[in-house]
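Novice: So here's upload-v5.pdb (PDB, C-alpha atoms).
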ATOM      1  CA  MET A 978      77.563  92.268  97.137
ATOM      2  CA  ALA A 979      78.364  95.888  97.867
ATOM      3  CA  LYS A 980      76.040  97.527 100.336
ATOM      4  CA  ILE A 981      73.700 100.036  98.689
ATOM      5  CA  LYS A 982      72.925 103.178 100.663
ATOM      6  CA  ALA A 983      69.395 104.418 101.144
ATOM      7  CA  TYR A 984      68.403 107.374  98.981
ATOM      8  CA  ARG A 985      68.619 109.882 101.849
ATOM      9  CA  ASN A 986      71.847 108.461 103.269
ATOM     10  CA  LYS A 987      74.489 111.108 102.594
ATOM     11  CA  THR A 988      77.321 109.449 104.538
ATOM     12  CA  ILE A 989      80.595 110.158 102.748
ATOM     13  CA  CYS A 990      82.070 106.939 101.374
ATOM     14  CA  LEU A 991      84.803 106.423  98.812
ATOM     15  CA  SER A 992      84.691 104.136  95.798
ATOM     16  CA  ASP A 993      87.815 102.185  94.909
ATOM     17  CA  GLU A 994      88.531 104.725  92.184
ATOM     18  CA  GLU A 995      88.158 107.648  94.591
ATOM     19  CA  LYS A 996      90.415 105.932  97.106
ATOM     20  CA  ALA A 997      93.091 105.556  94.445
ATOM     21  CA  ASP A 998      92.775 109.250  93.559
ATOM     22  CA  MET A 999      92.943 110.346  97.210
ATOM     23  CA  GLU A1000      95.939 108.084  97.817
ATOM     24  CA  LYS A1001      97.769 109.973  95.064
ATOM     25  CA  VAL A1002      96.953 113.241  96.814
ATOM     26  CA  LEU A1003      98.041 111.823 100.169
ATOM     27  CA  LEU A1004     101.355 110.578  98.788
ATOM     28  CA  SER A1005     102.051 113.465  96.427
ATOM     29  CA  ASP A1006     102.672 115.934  99.222
ATOM     30  CA  SER A1007     106.334 116.816  99.143
ATOM     31  CA  GLU A1008     108.255 116.001 102.299
ATOM     32  CA  GLY A1009     108.530 118.931 104.638
ATOM     33  CA  ARG A1010     105.322 120.627 103.480
ATOM     34  CA  ILE A1011     103.047 121.019 106.471
ATOM     35  CA  ILE A1012     100.702 123.836 105.462
ATOM     36  CA  ASN A1013      97.264 122.754 104.226
ATOM     37  CA  ARG A1014      98.203 119.108 104.475
ATOM     38  CA  VAL A1015      96.946 115.896 106.065
ATOM     39  CA  ILE A1016      99.743 113.614 107.270
ATOM     40  CA  ASN A1017      99.048 109.891 107.570
ATOM     41  CA  ALA A1018     101.290 108.881 110.469
ATOM     42  CA  ASP A1019     101.455 108.196 114.161
ATOM     43  CA  LEU A1020     101.610 111.550 115.933
ATOM     44  CA  MET A1021     104.778 110.833 117.915
ATOM     45  CA  SER A1022     106.679 109.869 114.753
ATOM     46  CA  VAL A1023     106.083 113.229 113.060
ATOM     47  CA  ILE A1024     105.608 115.752 115.863
ATOM     48  CA  ASP A1025     109.219 116.906 115.603
ATOM     49  CA  GLU A1026     108.625 117.818 111.930
ATOM     50  CA  VAL A1027     106.187 120.487 113.101
ATOM     51  CA  PRO A1028     108.068 123.685 114.064
ATOM     52  CA  ASP A1029     107.667 125.070 117.554
ATOM     53  CA  SER A1030     105.338 128.103 117.817
ATOM     54  CA  PHE A1031     103.719 126.990 114.567
ATOM     55  CA  ALA A1032      99.979 127.082 115.268
ATOM     56  CA  ASP A1033      97.668 129.947 116.130
ATOM     57  CA  LEU A1034      95.041 127.448 117.222
ATOM     58  CA  ILE A1035      95.268 123.792 118.209
ATOM     59  CA  ILE A1036      92.180 121.603 118.428
ATOM     60  CA  LEU A1037      92.722 118.339 120.295
ATOM     61  CA  ASP A1038      90.275 115.455 120.136
ATOM     62  CA  PRO A1039      92.329 112.578 121.563
ATOM     63  CA  PRO A1040      90.948 109.100 122.251
ATOM     64  CA  TYR A1041      88.759 109.160 125.345
ATOM     65  CA  ASN A1042      89.494 106.570 127.999
ATOM     66  CA  LEU A1043      86.997 104.150 126.480
ATOM     67  CA  PRO A1044      87.400 100.857 124.593
ATOM     68  CA  LYS A1045      86.824 101.923 121.007
ATOM     69  CA  ARG A1046      87.762 100.634 117.571
ATOM     70  CA  PHE A1047      88.935 103.216 115.064
ATOM     71  CA  ASN A1048      89.009 101.294 111.803
ATOM     72  CA  SER A1049      92.438  99.625 111.799
ATOM     73  CA  SER A1050      93.285 100.400 115.425
ATOM     74  CA  ARG A1051      91.737  99.885 118.828
ATOM     75  CA  PHE A1052      92.028 102.050 121.932
ATOM     76  CA  LYS A1053      91.889 100.196 125.228
ATOM     77  CA  SER A1054      90.645 101.792 128.433
ATOM     78  CA  MET A1055      93.153 102.182 131.252
ATOM     79  CA  SER A1056      93.375 103.345 134.840
ATOM     80  CA  ASP A1057      93.129 107.050 135.610
ATOM     81  CA  GLU A1058      96.818 107.314 136.400
ATOM     82  CA  ASP A1059      97.781 105.482 133.222
ATOM     83  CA  TYR A1060      95.633 107.850 131.181
ATOM     84  CA  VAL A1061      97.361 110.825 132.795
ATOM     85  CA  ALA A1062     100.713 109.224 131.933
ATOM     86  CA  TYR A1063      99.463 108.672 128.370
ATOM     87  CA  MET A1064      98.642 112.391 128.063
ATOM     88  CA  GLU A1065     102.026 113.345 129.494
ATOM     89  CA  GLU A1066     103.674 111.496 126.604
ATOM     90  CA  TRP A1067     102.315 113.858 123.955
ATOM     91  CA  PHE A1068     100.606 116.893 125.478
ATOM     92  CA  PRO A1069     103.745 118.858 126.488
ATOM     93  CA  ARG A1070     105.202 118.373 123.002
ATOM     94  CA  ILE A1071     102.012 119.606 121.368
ATOM     95  CA  CYS A1072     102.014 122.676 123.605
ATOM     96  CA  MET A1073     105.400 123.578 122.139
ATOM     97  CA  LYS A1074     103.762 123.890 118.696
ATOM     98  CA  LEU A1075     101.417 126.629 119.919
ATOM     99  CA  LYS A1076     102.340 130.266 119.337
ATOM    100  CA  PRO A1077     102.898 132.394 122.478
ATOM    101  CA  CYS A1078      99.572 134.134 121.830
ATOM    102  CA  GLY A1079      97.806 130.979 120.636
ATOM    103  CA  SER A1080      94.801 129.100 121.977
ATOM    104  CA  MET A1081      94.011 125.437 122.456
ATOM    105  CA  TYR A1082      90.758 123.485 122.801
ATOM    106  CA  ILE A1083      90.821 119.955 124.236
ATOM    107  CA  CYS A1084      87.807 117.649 123.866
ATOM    108  CA  GLY A1085      86.818 115.054 126.440
ATOM    109  CA  ASP A1086      83.958 113.342 128.239
ATOM    110  CA  TRP A1087      82.993 113.278 131.905
ATOM    111  CA  LYS A1088      85.327 110.373 132.654
ATOM    112  CA  ILE A1089      88.507 112.107 131.517
ATOM    113  CA  SER A1090      87.662 115.782 131.959
ATOM    114  CA  ALA A1091      89.120 115.954 135.465
ATOM    115  CA  LEU A1092      92.196 113.983 134.361
ATOM    116  CA  GLN A1093      92.716 116.361 131.448
ATOM    117  CA  TYR A1094      92.548 119.336 133.794
ATOM    118  CA  ARG A1095      95.441 117.922 135.824
ATOM    119  CA  VAL A1096      97.682 117.749 132.763
ATOM    120  CA  ILE A1097      96.533 120.861 130.892
ATOM    121  CA  SER A1098      96.895 123.155 133.900
ATOM    122  CA  LYS A1099     100.569 122.192 134.248
ATOM    123  CA  TYR A1100     101.439 123.653 130.843
ATOM    124  CA  LEU A1101      98.734 126.185 129.927
ATOM    125  CA  THR A1102      96.323 128.605 131.559
ATOM    126  CA  ILE A1103      92.774 127.270 131.486
ATOM    127  CA  LEU A1104      90.196 129.982 130.843
ATOM    128  CA  ASN A1105      86.975 127.996 130.649
ATOM    129  CA  ARG A1106      85.260 124.676 130.187
ATOM    130  CA  ILE A1107      82.637 124.411 127.458
ATOM    131  CA  THR A1108      79.966 121.765 127.857
ATOM    132  CA  TRP A1109      77.990 120.796 124.780
ATOM    133  CA  GLN A1110      74.924 118.631 124.456
ATOM    134  CA  ARG A1111      75.584 115.478 122.474
ATOM    135  CA  GLU A1112      72.035 114.233 122.068
ATOM    136  CA  LYS A1113      72.993 111.229 119.950
ATOM    137  CA  GLY A1114      73.701 107.943 121.706
ATOM    138  CA  ARG A1115      72.252 104.948 123.480
ATOM    139  CA  GLY A1116      69.990 105.140 126.484
ATOM    140  CA  ALA A1117      70.980 103.737 129.875
ATOM    141  CA  LYS A1118      68.729 101.496 131.980
ATOM    142  CA  GLU A1119      70.666 101.721 135.251
ATOM    143  CA  ASN A1120      72.211 105.188 134.959
ATOM    144  CA  TRP A1121      71.629 108.597 133.434
ATOM    145  CA  LYS A1122      72.189 108.709 129.697
ATOM    146  CA  ASN A1123      75.536 110.305 128.869
ATOM    147  CA  SER A1124      74.649 113.198 126.543
ATOM    148  CA  MET A1125      77.265 115.847 127.367
ATOM    149  CA  GLU A1126      80.904 116.370 126.444
ATOM    150  CA  ASP A1127      83.447 118.939 127.593
ATOM    151  CA  ILE A1128      85.954 121.137 125.802
ATOM    152  CA  TRP A1129      88.695 122.839 127.808
ATOM    153  CA  PHE A1130      89.705 126.295 126.555
ATOM    154  CA  ALA A1131      93.331 127.137 127.378
ATOM    155  CA  VAL A1132      95.987 129.661 126.338
ATOM    156  CA  LYS A1133      99.711 130.196 126.768
ATOM    157  CA  ASP A1134      99.473 133.862 127.761
ATOM    158  CA  ARG A1135      96.502 134.957 129.860
ATOM    159  CA  GLU A1136      97.082 138.588 128.877
ATOM    160  CA  ASN A1137      97.706 138.096 125.162
ATOM    161  CA  TYR A1138      95.419 135.846 123.152
ATOM    162  CA  TYR A1139      92.869 136.308 120.364
ATOM    163  CA  PHE A1140      89.131 135.958 120.960
ATOM    164  CA  ASP A1141      86.448 137.317 118.617
ATOM    165  CA  VAL A1142      83.152 137.106 120.488
ATOM    166  CA  ASP A1143      81.246 138.893 117.723
ATOM    167  CA  ALA A1144      82.102 136.066 115.309
ATOM    168  CA  VAL A1145      80.310 133.487 117.474
ATOM    169  CA  LYS A1146      77.213 135.308 118.634
ATOM    170  CA  ILE A1147      73.952 133.413 118.190
ATOM    171  CA  LYS A1148      71.073 134.735 116.102
ATOM    172  CA  ARG A1149      67.832 134.077 117.980
ATOM    173  CA  TYR A1150      64.248 134.583 116.905
ATOM    174  CA  VAL A1151      62.506 137.116 119.163
ATOM    175  CA  LEU A1152      59.224 135.831 120.579
ATOM    176  CA  ALA A1153      58.614 138.875 122.785
ATOM    177  CA  PRO A1154      59.877 141.962 120.911
ATOM    178  CA  TYR A1155      60.069 144.539 123.717
ATOM    179  CA  THR A1156      60.531 148.188 122.858
ATOM    180  CA  GLU A1157      61.872 151.189 124.707
ATOM    181  CA  ASN A1158      60.587 154.614 123.707
ATOM    182  CA  GLY A1159      59.128 152.981 120.637
ATOM    183  CA  GLU A1160      62.476 151.497 119.530
ATOM    184  CA  PRO A1161      63.504 147.813 119.490
ATOM    185  CA  LYS A1162      65.273 146.820 122.692
ATOM    186  CA  GLY A1163      68.212 144.611 121.728
ATOM    187  CA  TRP A1164      66.666 143.214 118.541
ATOM    188  CA  HIS A1165      66.201 144.175 114.917
ATOM    189  CA  ASP A1166      63.583 143.539 112.255
ATOM    190  CA  THR A1167      65.057 141.988 109.123
ATOM    191  CA  GLY A1168      61.811 142.035 107.181
ATOM    192  CA  ASN A1169      61.736 138.242 107.482
ATOM    193  CA  GLY A1170      61.342 138.244 111.235
ATOM    194  CA  LYS A1171      62.630 139.827 114.414
ATOM    195  CA  PHE A1172      66.003 138.630 115.693
ATOM    196  CA  ARG A1173      68.586 139.429 118.326
ATOM    197  CA  MET A1174      72.275 138.599 118.479
ATOM    198  CA  THR A1175      73.148 137.081 121.849
ATOM    199  CA  TYR A1176      76.486 136.436 123.511
ATOM    200  CA  PRO A1177      77.574 132.781 123.546
ATOM    201  CA  SER A1178      77.895 130.971 126.866
ATOM    202  CA  ASN A1179      79.964 127.941 127.826
ATOM    203  CA  PHE A1180      76.930 125.658 127.486
ATOM    204  CA  TRP A1181      76.013 124.749 123.924
ATOM    205  CA  ASP A1182      72.684 123.090 123.239
ATOM    206  CA  ASP A1183      72.458 123.996 119.550
ATOM    207  CA  ILE A1184      74.775 121.309 118.167
ATOM    208  CA  THR A1185      73.566 118.448 115.986
ATOM    209  CA  VAL A1186      75.813 115.383 115.959
ATOM    210  CA  PRO A1187      76.370 114.151 112.368
ATOM    211  CA  PHE A1188      74.051 111.371 111.313
ATOM    212  CA  TRP A1189      73.372 109.434 108.109
ATOM    213  CA  SER A1190      71.237 112.048 106.326
ATOM    214  CA  MET A1191      73.688 114.928 106.867
ATOM    215  CA  PRO A1192      76.183 115.704 104.058
ATOM    216  CA  GLU A1193      79.072 115.972 106.524
ATOM    217  CA  ASN A1194      78.557 112.508 108.010
ATOM    218  CA  THR A1195      81.286 109.848 107.790
ATOM    219  CA  ASP A1196      81.787 106.386 109.243
ATOM    220  CA  HIS A1197      84.143 107.706 111.923
ATOM    221  CA  PRO A1198      82.663 106.626 115.285
ATOM    222  CA  THR A1199      83.417 109.862 117.174
ATOM    223  CA  GLN A1200      83.169 112.503 114.448
ATOM    224  CA  LYS A1201      82.745 116.045 115.755
ATOM    225  CA  PRO A1202      80.126 118.298 114.119
ATOM    226  CA  GLU A1203      81.389 120.972 111.743
ATOM    227  CA  LYS A1204      79.296 123.579 113.570
ATOM    228  CA  LEU A1205      81.054 122.758 116.845
ATOM    229  CA  ILE A1206      84.505 123.143 115.313
ATOM    230  CA  ALA A1207      83.451 126.292 113.435
ATOM    231  CA  LYS A1208      82.689 128.007 116.739
ATOM    232  CA  LEU A1209      86.174 127.237 118.039
ATOM    233  CA  ILE A1210      87.907 128.367 114.850
ATOM    234  CA  LEU A1211      85.942 131.593 114.445
ATOM    235  CA  ALA A1212      86.361 132.569 118.092
ATOM    236  CA  SER A1213      90.085 131.885 118.380
ATOM    237  CA  SER A1214      91.668 132.473 114.970
ATOM    238  CA  LYS A1215      91.723 134.996 112.152
ATOM    239  CA  PRO A1216      91.518 134.343 108.396
ATOM    240  CA  GLY A1217      94.877 133.012 107.219
ATOM    241  CA  ASP A1218      95.833 131.669 110.674
ATOM    242  CA  MET A1219      97.157 128.147 111.167
ATOM    243  CA  VAL A1220      94.886 125.500 112.720
ATOM    244  CA  PHE A1221      96.608 122.297 113.883
ATOM    245  CA  ASP A1222      94.746 119.067 114.704
ATOM    246  CA  PRO A1223      97.082 116.305 115.950
ATOM    247  CA  PHE A1224      94.283 113.692 116.174
ATOM    248  CA  ALA A1225      92.522 114.573 112.946
ATOM    249  CA  GLY A1226      90.196 111.586 112.542
ATOM    250  CA  SER A1227      88.059 112.246 109.476
ATOM    251  CA  CYS A1228      89.618 115.729 109.318
ATOM    252  CA  THR A1229      86.682 117.859 110.468
ATOM    253  CA  SER A1230      88.993 120.575 111.814
ATOM    254  CA  CYS A1231      90.870 120.728 108.510
ATOM    255  CA  VAL A1232      87.635 120.824 106.519
ATOM    256  CA  VAL A1233      86.153 123.641 108.594
ATOM    257  CA  ALA A1234      89.433 125.562 108.563
ATOM    258  CA  LYS A1235      89.375 125.459 104.763
ATOM    259  CA  LYS A1236      85.739 126.543 104.636
ATOM    260  CA  LEU A1237      86.498 129.507 106.893
ATOM    261  CA  GLY A1238      89.645 130.664 105.126
ATOM    262  CA  ARG A1239      92.237 129.356 107.593
ATOM    263  CA  ASN A1240      95.293 127.195 106.937
ATOM    264  CA  TYR A1241      95.430 123.751 108.469
ATOM    265  CA  LEU A1242      97.550 120.753 109.355
ATOM    266  CA  GLY A1243      96.073 117.424 110.384
ATOM    267  CA  VAL A1244      97.824 114.284 111.600
ATOM    268  CA  GLU A1245      95.936 110.984 111.549
ATOM    269  CA  MET A1246      97.327 107.479 111.870
ATOM    270  CA  ASP A1247      94.490 105.663 110.062
ATOM    271  CA  LYS A1248      94.835 105.810 106.289
ATOM    272  CA  GLU A1249      91.127 105.270 105.548
ATOM    273  CA  TYR A1250      90.150 108.279 107.651
ATOM    274  CA  CYS A1251      92.833 110.366 105.926
ATOM    275  CA  LEU A1252      91.407 109.474 102.523
ATOM    276  CA  VAL A1253      87.874 110.346 103.596
ATOM    277  CA  GLY A1254      89.214 113.579 105.078
ATOM    278  CA  LEU A1255      90.915 114.519 101.817
ATOM    279  CA  LYS A1256      87.654 113.865  99.984
ATOM    280  CA  ARG A1257      85.846 116.161 102.432
ATOM    281  CA  ILE A1258      88.471 118.864 101.933
ATOM    282  CA  GLU A1259      88.007 118.559  98.175
ATOM    283  CA  MET A1260      84.246 118.854  98.627
ATOM    284  CA  ALA A1261      84.729 121.957 100.799
ATOM    285  CA  SER A1262      86.269 123.762  97.830
ATOM    286  CA  ALA A1263      82.976 123.438  95.967
ATOM    287  CA  ASN A1264      80.640 123.862  98.933
ATOM    288  CA  PRO A1265      81.786 125.881 101.961
ATOM    289  CA  ASP A1266      78.426 125.647 103.765
ATOM    290  CA  ILE A1267      78.374 124.756 107.464
ATOM    291  CA  GLN A1268      75.141 123.443 108.961
ATOM    292  CA  GLY A1269      73.707 126.040 111.351
ATOM    293  CA  TYR A1270      76.033 128.854 110.227
ATOM    294  CA  ARG A1271      74.761 131.246 107.578
ATOM    295  CA  ASP A1272      75.170 134.897 106.699
ATOM    296  CA  GLY A1273      78.055 135.236 109.149
ATOM    297  CA  ALA A1274      76.056 134.083 112.171
ATOM    298  CA  PHE A1275      75.218 130.959 114.132
ATOM    299  CA  TRP A1276      71.468 130.497 114.009
ATOM    300  CA  GLU A1277      69.521 129.108 116.923
ATOM    301  CA  ARG A1278      67.897 125.760 116.181
ATOM    302  CA  ASN A1279      64.652 126.092 114.200
ATOM    303  CA  THR A1280      65.236 129.813 113.595
ATOM    304  CA  PHE A1281      65.007 129.265 109.843
ATOM    305  CA  ARG A1282      61.640 127.629 110.430
ATOM    306  CA  TYR A1283      60.366 130.851 111.988
ATOM    307  CA  GLN A1284      61.826 132.880 109.140
ATOM    308  CA  ASN A1285      60.251 130.637 106.502
ATOM    309  CA  GLN A1286      56.897 130.840 108.250
ATOM    310  CA  LYS A1287      57.168 134.614 108.146
ATOM    311  CA  LYS A1288      57.930 134.556 104.415
ATOM    312  CA  GLN A1289      54.957 132.282 103.754
ATOM    313  CA  LYS A1290      52.604 134.584 105.675
ATOM    314  CA  ASP A1291      53.840 137.572 103.683
TER     315      ASP A1291
END
Would you mind writing the file's structure down as structure tokens?

Specialist:
Amino acid sequence: MAKIKAYRNKTICLSDEEKADMEKVLLSDSEGRIINRVINADLMSVIDEVPDSFADLIILDPPYNLPKRFNSSRFKSMSDEDYVAYMEEWFPRICMKLKPCGSMYICGDWKISALQYRVISKYLTILNRITWQREKGRGAKENWKNSMEDIWFAVKDRENYYFDVDAVKIKRYVLAPYTENGEPKGWHDTGNGKFRMTYPSNFWDDITVPFWSMPENTDHPTQKPEKLIAKLILASSKPGDMVFDPFAGSCTSCVVAKKLGRNYLGVEMDKEYCLVGLKRIEMASANPDIQGYRDGAFWERNTFRYQNQKKQKD
């Protein structure tokens, strides 16, 4: 018998009919078209089809050096040196697809972050390392629970790259509204509460990892949150720019790019994830909402709760 989801379970799954429809979309793409497309293939077999200096922004979420099953494939852990050699097989070729003024973000965990630095720094200029809190996961009895991941921020040209800090400022509820000469000091009153826009740091503790009751959730074991990817895209690309994700998974980068008015290209070797990704892209056309991002701003966790309380009092 088919498994029936709980009422509140919003995990995106495809029926047989939907799979057939998405397969038509996947196969109907004419050969050579790489704009706003998801390609179902091994990266190394199609990387040469992508023109050099093609992407304004590249988001890389490669397999971490952990034993993990991704639907039809399995990634096996390896020694540090073998993982570096693995990166050397594809990373230089991906760098060639980045525009001279482009930016790249590379995801990793604590085990591979230092290894990634060794490879990335050979080909690009690293500007920062973002650490984000990944609160979801198992506890550890004999060690500290692993609840952080890293994202390296790198560019080709240290003097010529795009970064829009205003697009990624965080809207925070003001608990202590200080004034200076009777005027708000760094905050404003919206009528629904007092807020301030703050500059983002390289530590993000406002990210919620997708889970079963969130509309963006899929069965992909290492799915990145849309809010996380939205920060990268808004900071380092303009509307109409090209976002390239060579390890697309369930296509979160492509989905968010579409929601934010960017072009995209995703490459993913697992067909099931491609089909789910195409479904998500279709859904994005009808609903461009991103959890935690509203009215052109990233809202601090629970900020809407404060605003709603204010409305109720009024």

Novice: Check which residues of stretch 1203-1289 of chain A sit at most 7 Å from stretch 1140-1153 of chain A using only C-alpha atoms, and return one row each with the closest pair of atoms and their distance in Å to one decimal, ordered by chain and rising number, as JSON lines.

Specialist:
{"residue": "A:Lys1208", "atom": "CA", "partner": "A:Val1145", "partner_atom": "CA", "distance": 6.0}
{"residue": "A:Leu1211", "atom": "CA", "partner": "A:Ala1144", "partner_atom": "CA", "distance": 6.0}
{"residue": "A:Ala1212", "atom": "CA", "partner": "A:Asp1141", "partner_atom": "CA", "distance": 4.8}
{"residue": "A:Ser1213", "atom": "CA", "partner": "A:Phe1140", "partner_atom": "CA", "distance": 4.9}
{"residue": "A:Ala1274", "atom": "CA", "partner": "A:Lys1148", "partner_atom": "CA", "distance": 6.4}
{"residue": "A:Phe1275", "atom": "CA", "partner": "A:Ile1147", "partner_atom": "CA", "distance": 4.9}
{"residue": "A:Trp1276", "atom": "CA", "partner": "A:Lys1148", "partner_atom": "CA", "distance": 4.7}
{"residue": "A:Glu1277", "atom": "CA", "partner": "A:Arg1149", "partner_atom": "CA", "distance": 5.4}
{"residue": "A:Thr1280", "atom": "CA", "partner": "A:Tyr1150", "partner_atom": "CA", "distance": 5.9}

Novice: Translate the PyMOL selection byres ((chain A and resi 1128) around 12) into a concrete residue list for this structure, as a PyMOL selection string.

Specialist: chain A and resi 1036-1039+1081-1087+1089-1091+1093-1094+1097+1103-1110+1125-1127+1129-1131+1179-1181+1201+1205-1206+1208-1209

Novice: Store the residues of this selection in a file with C-alpha atoms, as a tab-separated table (two decimals), in the coordinates of the input.

Specialist:
chain	number	residue	atom	x	y	z
A	1036	ILE	CA	92.18	121.60	118.43
A	1037	LEU	CA	92.72	118.34	120.30
A	1038	ASP	CA	90.28	115.46	120.14
A	1039	PRO	CA	92.33	112.58	121.56
A	1081	MET	CA	94.01	125.44	122.46
A	1082	TYR	CA	90.76	123.48	122.80
A	1083	ILE	CA	90.82	119.96	124.24
A	1084	CYS	CA	87.81	117.65	123.87
A	1085	GLY	CA	86.82	115.05	126.44
A	1086	ASP	CA	83.96	113.34	128.24
A	1087	TRP	CA	82.99	113.28	131.90
A	1089	ILE	CA	88.51	112.11	131.52
A	1090	SER	CA	87.66	115.78	131.96
A	1091	ALA	CA	89.12	115.95	135.46
A	1093	GLN	CA	92.72	116.36	131.45
A	1094	TYR	CA	92.55	119.34	133.79
A	1097	ILE	CA	96.53	120.86	130.89
A	1103	ILE	CA	92.77	127.27	131.49
A	1104	LEU	CA	90.20	129.98	130.84
A	1105	ASN	CA	86.98	128.00	130.65
A	1106	ARG	CA	85.26	124.68	130.19
A	1107	ILE	CA	82.64	124.41	127.46
A	1108	THR	CA	79.97	121.76	127.86
A	1109	TRP	CA	77.99	120.80	124.78
A	1110	GLN	CA	74.92	118.63	124.46
A	1125	MET	CA	77.26	115.85	127.37
A	1126	GLU	CA	80.90	116.37	126.44
A	1127	ASP	CA	83.45	118.94	127.59
A	1129	TRP	CA	88.70	122.84	127.81
A	1130	PHE	CA	89.70	126.30	126.56
A	1131	ALA	CA	93.33	127.14	127.38
A	1179	ASN	CA	79.96	127.94	127.83
A	1180	PHE	CA	76.93	125.66	127.49
A	1181	TRP	CA	76.01	124.75	123.92
A	1201	LYS	CA	82.74	116.04	115.76
A	1205	LEU	CA	81.05	122.76	116.84
A	1206	ILE	CA	84.50	123.14	115.31
A	1208	LYS	CA	82.69	128.01	116.74
A	1209	LEU	CA	86.17	127.24	118.04

Novice: Give me the result of the PyMOL selection byres ((chain A and resi 1071) around 10) on this file, residue by residue, as a tab-separated table (two decimals) with C-alpha atoms, in the frame of the given file.

Specialist:
chain	number	residue	atom	x	y	z
A	1020	LEU	CA	101.61	111.55	115.93
A	1021	MET	CA	104.78	110.83	117.92
A	1024	ILE	CA	105.61	115.75	115.86
A	1025	ASP	CA	109.22	116.91	115.60
A	1027	VAL	CA	106.19	120.49	113.10
A	1029	ASP	CA	107.67	125.07	117.55
A	1030	SER	CA	105.34	128.10	117.82
A	1032	ALA	CA	99.98	127.08	115.27
A	1035	ILE	CA	95.27	123.79	118.21
A	1037	LEU	CA	92.72	118.34	120.30
A	1066	GLU	CA	103.67	111.50	126.60
A	1067	TRP	CA	102.32	113.86	123.96
A	1068	PHE	CA	100.61	116.89	125.48
A	1069	PRO	CA	103.74	118.86	126.49
A	1070	ARG	CA	105.20	118.37	123.00
A	1072	CYS	CA	102.01	122.68	123.60
A	1073	MET	CA	105.40	123.58	122.14
A	1074	LYS	CA	103.76	123.89	118.70
A	1075	LEU	CA	101.42	126.63	119.92
A	1081	MET	CA	94.01	125.44	122.46
A	1221	PHE	CA	96.61	122.30	113.88
A	1222	ASP	CA	94.75	119.07	114.70
A	1223	PRO	CA	97.08	116.30	115.95

Novice: Check what the PyMOL selection byres ((chain A and resi 1014) around 7) selects in the file above and give those residues as a list in words.

Specialist: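 When the PyMOL selection byres ((chain A and resi 1014) around 7) is applied to the shown file, the picked residues are Ile1011, Ile1012, Asn1013, Val1015, Ile1016, Tyr1241, Leu1242 and Gly1243 of chain A.
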
Novice: Just give me the gap between atom CA of A:Ser1098 and atom CA of A:Phe1224 in Å, one decimal is fine.

Specialist: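 Between these atoms lies a distance of 20.3 Å.
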
Novice: Using only C-alpha atoms, which of A:Asp1247, A:Glu1203, A:Asp1057, A:Asp1218 sits nearest A:Tyr1139?

Specialist: A:Asp1218

Novice: Figure out the distance between atom CA of A:Arg1239 and atom CA of A:Phe1047, please, to one decimal in Å.

Specialist: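 Value for the atom CA of A:Phe1047-atom CA of A:Arg1239 distance: 27.4 Å.
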
Novice: Could you check the closest approach to A:Val1233 for each of A:Met1064, A:Ile1210, A:Cys1078, A:Met1219 and tell me which residue wins, using only C-alpha atoms?

Specialist: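 For A:Val1233, the nearest of the given residues is A:Ile1210.
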
Novice: Take atom CA of A:Arg1278 and atom CA of A:Cys1231 and report the distance between them in Å, one decimal.

Specialist: 24.7 Å

Novice: Go through A:Ala1207, A:Cys1251, A:Met1055, A:Ala1225 and flag the residue nearest A:Leu1237, using all atoms listed in the file for the distances.

Specialist: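 Nearest candidate to A:Leu1237 out of A:Ala1207, A:Cys1251, A:Met1055, A:Ala1225: A:Ala1207.
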
Novice: Between A:Lys1099, A:Arg1046, A:Lys1215, A:His1165, which has the minimum distance to A:Tyr1138 (counting only C-alpha atoms)?

Specialist: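 Closest to A:Tyr1138 of all the choices is A:Lys1215.
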
Novice: So, with only C-alpha atoms as the atoms that count, which of A:Asn1123, A:Met1246, A:Ser1262, A:Lys1133 lies closest to A:Ser1022?

Specialist: A:Met1246

Novice: So, counting only C-alpha atoms, which residue among A:Tyr1155, A:Tyr1250, A:Tyr1270, A:Trp1189 is closest to A:Arg1173?

Specialist: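 Answer, going by the shortest atom-to-atom distance: A:Tyr1155.
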
Novice: Within 10 Å of A:Gln1200, counting only C-alpha atoms, which residues show up once you throw out same-chain ones fewer than 4 positions away? Write them as a list of chain:residue names, please.

Specialist: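 Once the adjacent positions are removed, what remains is A:Asp1038, A:Val1186, A:Pro1187, A:Phe1188, A:Glu1193, A:Asn1194, A:Thr1195, A:Asp1196, A:Ala1225, A:Gly1226, A:Ser1227, A:Cys1228, A:Thr1229.
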